[in-house]
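What follows is a set of notes on a single structure, which appears directly below.
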Amino acid sequence: MPALDEDLKKTLGPATAKVLAEQLGLHTALDLLHHYPRRYAERGELTSLAELADQIDEHVTVVAQVADARVLTFNGGRGKRLEVTITDGNGRLQLVFFGAGVHKPHKDLLPGTRAMFAGKVSRFNHKLQLAHPAYEPLGADASDRDAATAFANQLIPIYPACAKLESWKIAKCVDAVLPGAREAVDPLPPALREGRGLVPLTEALLKIHRPAAKADIDDARQRLKWDEAFVLQVALARRRHADSQLPAVPRRPVPGGLLDSFDAKLPFTLTEGQQGVSQEIFDDLATEHPMHRLLQGEVGSGKTMVALRAMLAVVDSGGQAAMLAPTEVLAQQHHRSITEMMGELAEGGMLGGSDQGTKVVLLTGSMGMPARRQALLDLVTGEAGIVIGTHALIEDKVQFHDLGLVVVDEQHRFGVEQRDALRSKGKQPPHLLVMTATPIPRTVAMTVFGDLETSVLDQLPAGRSPIATHVVPAKDKPHFLARAWERVREEVEKGHQAYVVCPRIGDEEEPKKKGSAKASPEDDAEKRPPLAVLDIAEQLARGPLAGLSVEVLHGRMDPADKDDVMRRFAAGEVKVLVATTVIEVGVNVPNSTVMVIMDADRFGVSQLHQLRGRVGRGSAPGLCLLVSEMHEASPARARLAAVAATLDGFELSRIDLEQRREGDVLGQAQSGVRSSLRMLAVIEDEEVIAQAREEATRVVAEDPELERLPGLRTALDALLDTEREQYLEKG
């Protein structure tokens with residue numbers, strides 16, 4: 001029996017092992033046992049040949065006798081085709097085999113041979129046939145209906161396969177290691193397994209690969225989902241437990257201090273949501289262990305305000321706060337909006353600044369040397385209480401006087417290494433607040449950000465306008481697109497501004513044209529390169545938006561030019577900004593009321609929702625137009641219709657996940673490692689994940705080192721070998 005951690009070369013030979021390793025990432029017997037069938041084919045009931053006419057395109061299994069077999073050649077003798085006629089006494093059926101595949105069946109299927117045949121029924125030249133059917137000759141006792149029935153009713157596992165190794169060959173490889181399943185270490189504590197009525201691991205592995213009935217598959221799946229959810233949640237629970245043991249300096253606001261002065265000059269009242277979430281954060285900051293909190297909030301729900309109040313509380317208590325943004329544009333924008341919100345409180349130590357104020361500095365990679373030197377000096381002396389920057393903040397040269405809080409904006413753009421590097425700059429671990437405007441369904445939050453406590457801001461501040469969203473079918477109704485540009489012009493004439501978003505910049509090399517086979521219009525829409533910023537900007541400036549100031553913004557522009565365009569757009573000098581998704585995160589221009597998204601079908605649901613959040617940020621209502629050439633009945637159009645139908649980001653993120661499956665969402669959360677989730681579907685298995693999290697928290701609280709659960713420790717080590725140790729927190 002092969003040992004489970006043994007290299008597959010020993011069991012399967014070097015050639016097969018090499019394909020499994022390179023193509024499917026499977027290296028050991030245990031890896032192969034966890035390579036589960038994607039689905040199961042049924043050979044179907046035994047069918048009589050006379051009934052086949054009703055079963056076109058169905059998989060059938062028949063028992064019949066070979067009447068005759070002949071090899072025909074075509075293409076001047078270069079091609080071969082084997083035609084076999086079979087009969088069961090009531091009807092006749094033709095089987096065909098082609099090419100190199102004719103030799104074996106020609107030897108096996110001699111006239112008079114009885115066999116079972118399984119395949120898909122098709123019609124060719126008005127005749128029914130099975131092409132390349134699987135077959136199993138029956139022994140001398142050809143009346144053995146039991147063997148035939150067993151063969152017909154068998155569930156055939158279909159494995160995720162690759163070109164070099166078909167599913168049935170993988171099934172043979174699994175057969176070779178399956179006896180080793182008896183040695184598999186069960187990670188679930190016995191009490192948990194019995195309490196939840198789950199089958200033992202060995203039984204689950206046998207049933208998932210070789211089920212005798214459909215009920216076996218259900219039993220196995222339920223059990224294997226629990227393994228994945230539970231081991232992952234234990235890893236996260238241990239991380240939370242370890243973090244809760246770290247020391248941190250409690251940071252409490254000072255009565256009559258900076259925070260109180262800031263609150264007193266606010267021209268509006270905080271929403272209930274903002275007040276509630278702020279309170280959760282202040283409670284965390286007051287403890288002697290580092291806060292680890294994820295703040296989810298729709299675009300425009302006021303996350304920055306909540307983060308700023310947390311930073312002011314930390315400055316009040318004598319510490320410093322750092323805010324990390326994914327791009328320079330966003331860092332500059334945060335710096336601008338925070339200094340504006342704080343007014344003279346952001347000018348501590350400067351002429352005309354408040355006595356209670358502090359300095360708010362910006363630190364980015366493209367800053368000039370003198371400004372950078374001054375910023376670094378302000379940080380190390382403690383003169384600057386708040387610093388806002390890009391990953392330039394993480395560099396070794398950057399030293400803090402007393403770093404108390406790290407705020408990470410748009411968490412999914414930052415990896416764990418960067419978060420940890422910034423945290424290591426505190427004398428003791430600083431508190432951590434992670435913000436995202438991408439609504440994350442509860443289960444994903446529990447899986448990807450499971451080491452963070454979660455707060456949700458789901459209320460928009462007063463005075464925010466609703467955004468109307470419409471799909472513009474450019475191909476079916478070109479006049480709709482013409483009307484869209486008229487709407488943009490109307491908004492600009494009212495004194496407002498507009499965004500036009502395109503998927504591509506347009507200065508890339510044109511892809512080579514492939515063969516000019518006739519394609520459907522749907523294919524054309526899919527195959528042509530996505531619309532580009534530079535082309536569309538030129539067309540608009542010459543055509544429907546002639547006379548308006550149209551400018552472009554994209555990621556490959558020089559940072560100074562980018563900043564200049566953004567500044568002029570924010571100041572209202574530029575009326576129409578044609579941009580890539582660089583504007584997706586955090587660009588705040590309350591005067592923009594309309595957004596036109598070209599080739600909207602090329603963007604994900606959550607991304608469209610995120611982009612749309614850039615308009616309607618002031619008192620005038622927002623309008624978002626999703627332009628697409630896709631056919632009305634296509635899945636892409638269904639996706640756009642879903643975005644147009646709701647402004648609820650959590651609802652959309654569920655739709656997004658259901659369509660894309662988890663791989664993309666967990667994406668980099670898996671730190672480039674193959675996702676450890678093979679059986680668990682993050683959206684469908686919400687209940688399993690929630691229950692597994694509860695059980696994991698309980699188990700870790702009772703036994704943090706898992707000394708009493710060696711099986712669970714082994715499974716955890718396999719999940720978290722050192723390279724993967726941090727993937728859980730990676731975002």
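As shown in the structure tokens, the chain order sets the letters A, B, ...; within each chain, residues go from 1, and ligands are also counted from 1 in the order they appear.
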Q) Contacts of Asp5 (chain A) at 9 Å or less, counting only C-alpha atoms, minus same-chain residues fewer than 4 places along, as a ChimeraX atom specification? A) /A:27-31
Okay, now the selection with all heavy atoms, as a PDB file, in the first residue's frame?
ATOM      1  N   HIS A  27       1.399  15.894  -6.325  1.00  0.00           N
ATOM      2  CA  HIS A  27       2.738  15.328  -6.134  1.00  0.00           C
ATOM      3  C   HIS A  27       2.738  14.036  -5.317  1.00  0.00           C
ATOM      4  O   HIS A  27       3.581  13.181  -5.507  1.00  0.00           O
ATOM      5  CB  HIS A  27       3.653  16.345  -5.436  1.00  0.00           C
ATOM      6  CG  HIS A  27       3.745  17.636  -6.191  1.00  0.00           C
ATOM      7  ND1 HIS A  27       4.627  17.833  -7.235  1.00  0.00           N
ATOM      8  CD2 HIS A  27       3.027  18.784  -6.081  1.00  0.00           C
ATOM      9  CE1 HIS A  27       4.461  19.050  -7.725  1.00  0.00           C
ATOM     10  NE2 HIS A  27       3.492  19.639  -7.053  1.00  0.00           N
ATOM     11  N   THR A  28       1.788  13.916  -4.372  1.00  0.00           N
ATOM     12  CA  THR A  28       1.804  12.741  -3.492  1.00  0.00           C
ATOM     13  C   THR A  28       0.479  11.991  -3.616  1.00  0.00           C
ATOM     14  O   THR A  28      -0.488  12.501  -4.192  1.00  0.00           O
ATOM     15  CB  THR A  28       1.955  13.169  -2.016  1.00  0.00           C
ATOM     16  OG1 THR A  28       0.771  13.925  -1.660  1.00  0.00           O
ATOM     17  CG2 THR A  28       3.182  14.045  -1.805  1.00  0.00           C
ATOM     18  N   ALA A  29       0.468  10.798  -3.016  1.00  0.00           N
ATOM     19  CA  ALA A  29      -0.767  10.000  -3.023  1.00  0.00           C
ATOM     20  C   ALA A  29      -1.902  10.782  -2.360  1.00  0.00           C
ATOM     21  O   ALA A  29      -3.049  10.746  -2.809  1.00  0.00           O
ATOM     22  CB  ALA A  29      -0.519   8.681  -2.287  1.00  0.00           C
ATOM     23  N   LEU A  30      -1.555  11.523  -1.295  1.00  0.00           N
ATOM     24  CA  LEU A  30      -2.598  12.278  -0.589  1.00  0.00           C
ATOM     25  C   LEU A  30      -3.167  13.383  -1.498  1.00  0.00           C
ATOM     26  O   LEU A  30      -4.381  13.611  -1.530  1.00  0.00           O
ATOM     27  CB  LEU A  30      -2.028  12.900   0.695  1.00  0.00           C
ATOM     28  CG  LEU A  30      -3.081  13.467   1.656  1.00  0.00           C
ATOM     29  CD1 LEU A  30      -4.031  12.370   2.121  1.00  0.00           C
ATOM     30  CD2 LEU A  30      -2.425  14.127   2.862  1.00  0.00           C
ATOM     31  N   ASP A  31      -2.278  14.059  -2.252  1.00  0.00           N
ATOM     32  CA  ASP A  31      -2.760  15.075  -3.211  1.00  0.00           C
ATOM     33  C   ASP A  31      -3.772  14.451  -4.168  1.00  0.00           C
ATOM     34  O   ASP A  31      -4.809  15.034  -4.480  1.00  0.00           O
ATOM     35  CB  ASP A  31      -1.598  15.621  -4.065  1.00  0.00           C
ATOM     36  CG  ASP A  31      -0.663  16.523  -3.274  1.00  0.00           C
ATOM     37  OD1 ASP A  31      -1.048  16.951  -2.177  1.00  0.00           O
ATOM     38  OD2 ASP A  31       0.458  16.773  -3.760  1.00  0.00           O
TER      39      ASP A  31
END
(Q) For Val472 (chain A), find every residue with an atom within 7 Å (counting only C-alpha atoms), except residues of its own chain fewer than 3 positions away, and show them as a list of chain:residue names. (A) A:Phe480, A:Leu481, A:Leu625, A:Leu626, A:Val627, A:Ser628
Q | Distance criterion (only C-alpha atoms): nearest to Asp420 (chain A) out of A:Glu51, A:Gly256, A:Ile394, A:Leu611 | A |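 For Asp420 (chain A), the nearest of the candidates is A:Ile394.
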Q) Between A:Val329, A:Ile86, A:Glu280, A:Val444, which one has atoms that come closest to Val565 (chain A), using only C-alpha atoms? A)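 Ranked by minimum distance to Val565 (chain A), first place goes to A:Val329.
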Q: Show which residues sit within 8 Å of region 66-69 of chain A, as a PyMOL selection string. Count only C-alpha atoms, and ignore same-chain residues fewer than 2 positions away.
A: chain A and resi 64+71+82-87+106+109-114
Q: Would you mind reading off the distance between CA of Tyr40 (chain A) and CA of Leu155 (chain A), one decimal, in Å?
A: 5.8 Å
Q: Find the spatial neighbours of region 703-717 of chain A, counting only C-alpha atoms, within a cut-off of 6 Å - ignore same-chain residues fewer than 5 positions away - and output them as a ChimeraX atom specification.
A: /A:185-187
List as an mmCIF file with N, CA, C and O atoms, in the first residue's frame the protein and nucleic acid residues near region 331-335 of chain A, meaning an atom at most 8 Å away when only C-alpha atoms are counted, but skip any in the same chain fewer than 5 places from it.
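Output below, filename selection_27.cif:
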data_model
loop_
_atom_site.group_PDB
_atom_site.id
_atom_site.type_symbol
_atom_site.label_atom_id
_atom_site.label_comp_id
_atom_site.auth_asym_id
_atom_site.auth_seq_id
_atom_site.Cartn_x
_atom_site.Cartn_y
_atom_site.Cartn_z
ATOM 1 N N LEU A 324 -2.373 53.789 4.588
ATOM 2 C CA LEU A 324 -1.727 53.217 3.410
ATOM 3 C C LEU A 324 -2.741 53.147 2.273
ATOM 4 O O LEU A 324 -3.793 52.537 2.432
ATOM 5 N N ALA A 325 -2.421 53.765 1.119
ATOM 6 C CA ALA A 325 -3.344 53.731 -0.019
ATOM 7 C C ALA A 325 -2.671 52.998 -1.177
ATOM 8 O O ALA A 325 -1.454 53.030 -1.303
ATOM 9 N N PRO A 326 -3.458 52.336 -2.057
ATOM 10 C CA PRO A 326 -2.852 51.508 -3.100
ATOM 11 C C PRO A 326 -2.211 52.293 -4.247
ATOM 12 O O PRO A 326 -1.361 51.775 -4.941
ATOM 13 N N VAL A 360 -0.210 66.819 9.200
ATOM 14 C CA VAL A 360 -0.639 65.700 8.355
ATOM 15 C C VAL A 360 0.291 65.688 7.149
ATOM 16 O O VAL A 360 0.281 66.627 6.353
ATOM 17 N N VAL A 361 1.137 64.650 7.023
ATOM 18 C CA VAL A 361 2.102 64.655 5.914
ATOM 19 C C VAL A 361 1.775 63.582 4.882
ATOM 20 O O VAL A 361 1.115 62.588 5.191
ATOM 21 N N LEU A 362 2.251 63.831 3.662
ATOM 22 C CA LEU A 362 2.059 62.893 2.557
ATOM 23 C C LEU A 362 3.420 62.308 2.215
ATOM 24 O O LEU A 362 4.422 63.017 2.216
ATOM 25 N N THR A 364 4.979 59.793 -0.783
ATOM 26 C CA THR A 364 4.816 58.905 -1.940
ATOM 27 C C THR A 364 6.150 58.787 -2.656
ATOM 28 O O THR A 364 7.057 59.599 -2.437
ATOM 29 N N ILE A 388 0.027 59.940 5.392
ATOM 30 C CA ILE A 388 -0.753 59.228 4.376
ATOM 31 C C ILE A 388 0.205 58.920 3.239
ATOM 32 O O ILE A 388 0.926 59.812 2.786
ATOM 33 N N GLY A 389 0.235 57.694 2.788
ATOM 34 C CA GLY A 389 1.185 57.384 1.725
ATOM 35 C C GLY A 389 0.878 56.102 1.015
ATOM 36 O O GLY A 389 -0.072 55.384 1.334
ATOM 37 N N THR A 390 1.726 55.831 0.015
ATOM 38 C CA THR A 390 1.636 54.565 -0.720
ATOM 39 C C THR A 390 2.591 53.597 -0.031
ATOM 40 O O THR A 390 3.059 53.858 1.069
ATOM 41 N N GLY A 586 -11.687 55.506 -4.910
ATOM 42 C CA GLY A 586 -11.441 56.687 -4.105
ATOM 43 C C GLY A 586 -11.372 58.057 -4.743
ATOM 44 O O GLY A 586 -11.123 59.024 -4.059
ATOM 45 N N VAL A 587 -11.522 58.198 -6.060
ATOM 46 C CA VAL A 587 -11.460 59.545 -6.634
ATOM 47 C C VAL A 587 -12.783 60.249 -6.321
ATOM 48 O O VAL A 587 -13.845 59.744 -6.646
ATOM 49 N N ASN A 588 -12.699 61.397 -5.679
ATOM 50 C CA ASN A 588 -13.924 62.006 -5.176
ATOM 51 C C ASN A 588 -14.165 63.382 -5.800
ATOM 52 O O ASN A 588 -13.516 64.346 -5.454
#
Q) Which residues, written as a ChimeraX atom specification, have at least one atom at most 10 Å from Val234 (chain A), with only C-alpha atoms counted and residues fewer than 2 positions away on the same chain left out? A) /A:229-232,236-240,450,692-700,704,706,712-713,716
C-alpha atoms of the current selection, written as a CSV table (one decimal), in the first residue's frame:
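Produced file selection.csv, reproduced below:
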chain,number,residue,atom,x,y,z
A,229,ALA,CA,-14.0,24.6,6.3
A,230,PHE,CA,-12.8,23.4,9.7
A,231,VAL,CA,-9.1,23.2,9.1
A,232,LEU,CA,-9.1,26.7,7.4
A,236,LEU,CA,-7.6,31.6,11.3
A,237,ALA,CA,-8.7,31.0,14.9
A,238,ARG,CA,-5.1,30.3,15.9
A,239,ARG,CA,-4.0,33.4,14.2
A,240,ARG,CA,-6.7,35.5,16.0
A,450,GLY,CA,-11.2,35.3,9.0
A,692,ALA,CA,-17.0,25.5,11.4
A,693,ARG,CA,-15.8,28.9,12.6
A,694,GLU,CA,-17.7,28.5,15.9
A,695,GLU,CA,-16.3,25.0,16.4
A,696,ALA,CA,-12.8,26.1,15.5
A,697,THR,CA,-12.9,29.1,17.9
A,698,ARG,CA,-14.1,26.8,20.7
A,699,VAL,CA,-11.4,24.1,20.0
A,700,VAL,CA,-8.6,26.7,19.8
A,704,PRO,CA,-4.4,26.6,21.4
A,706,LEU,CA,-3.8,21.4,19.5
A,712,LEU,CA,-5.8,18.2,13.3
A,713,ARG,CA,-2.3,19.4,13.8
A,716,LEU,CA,-3.0,22.1,9.6
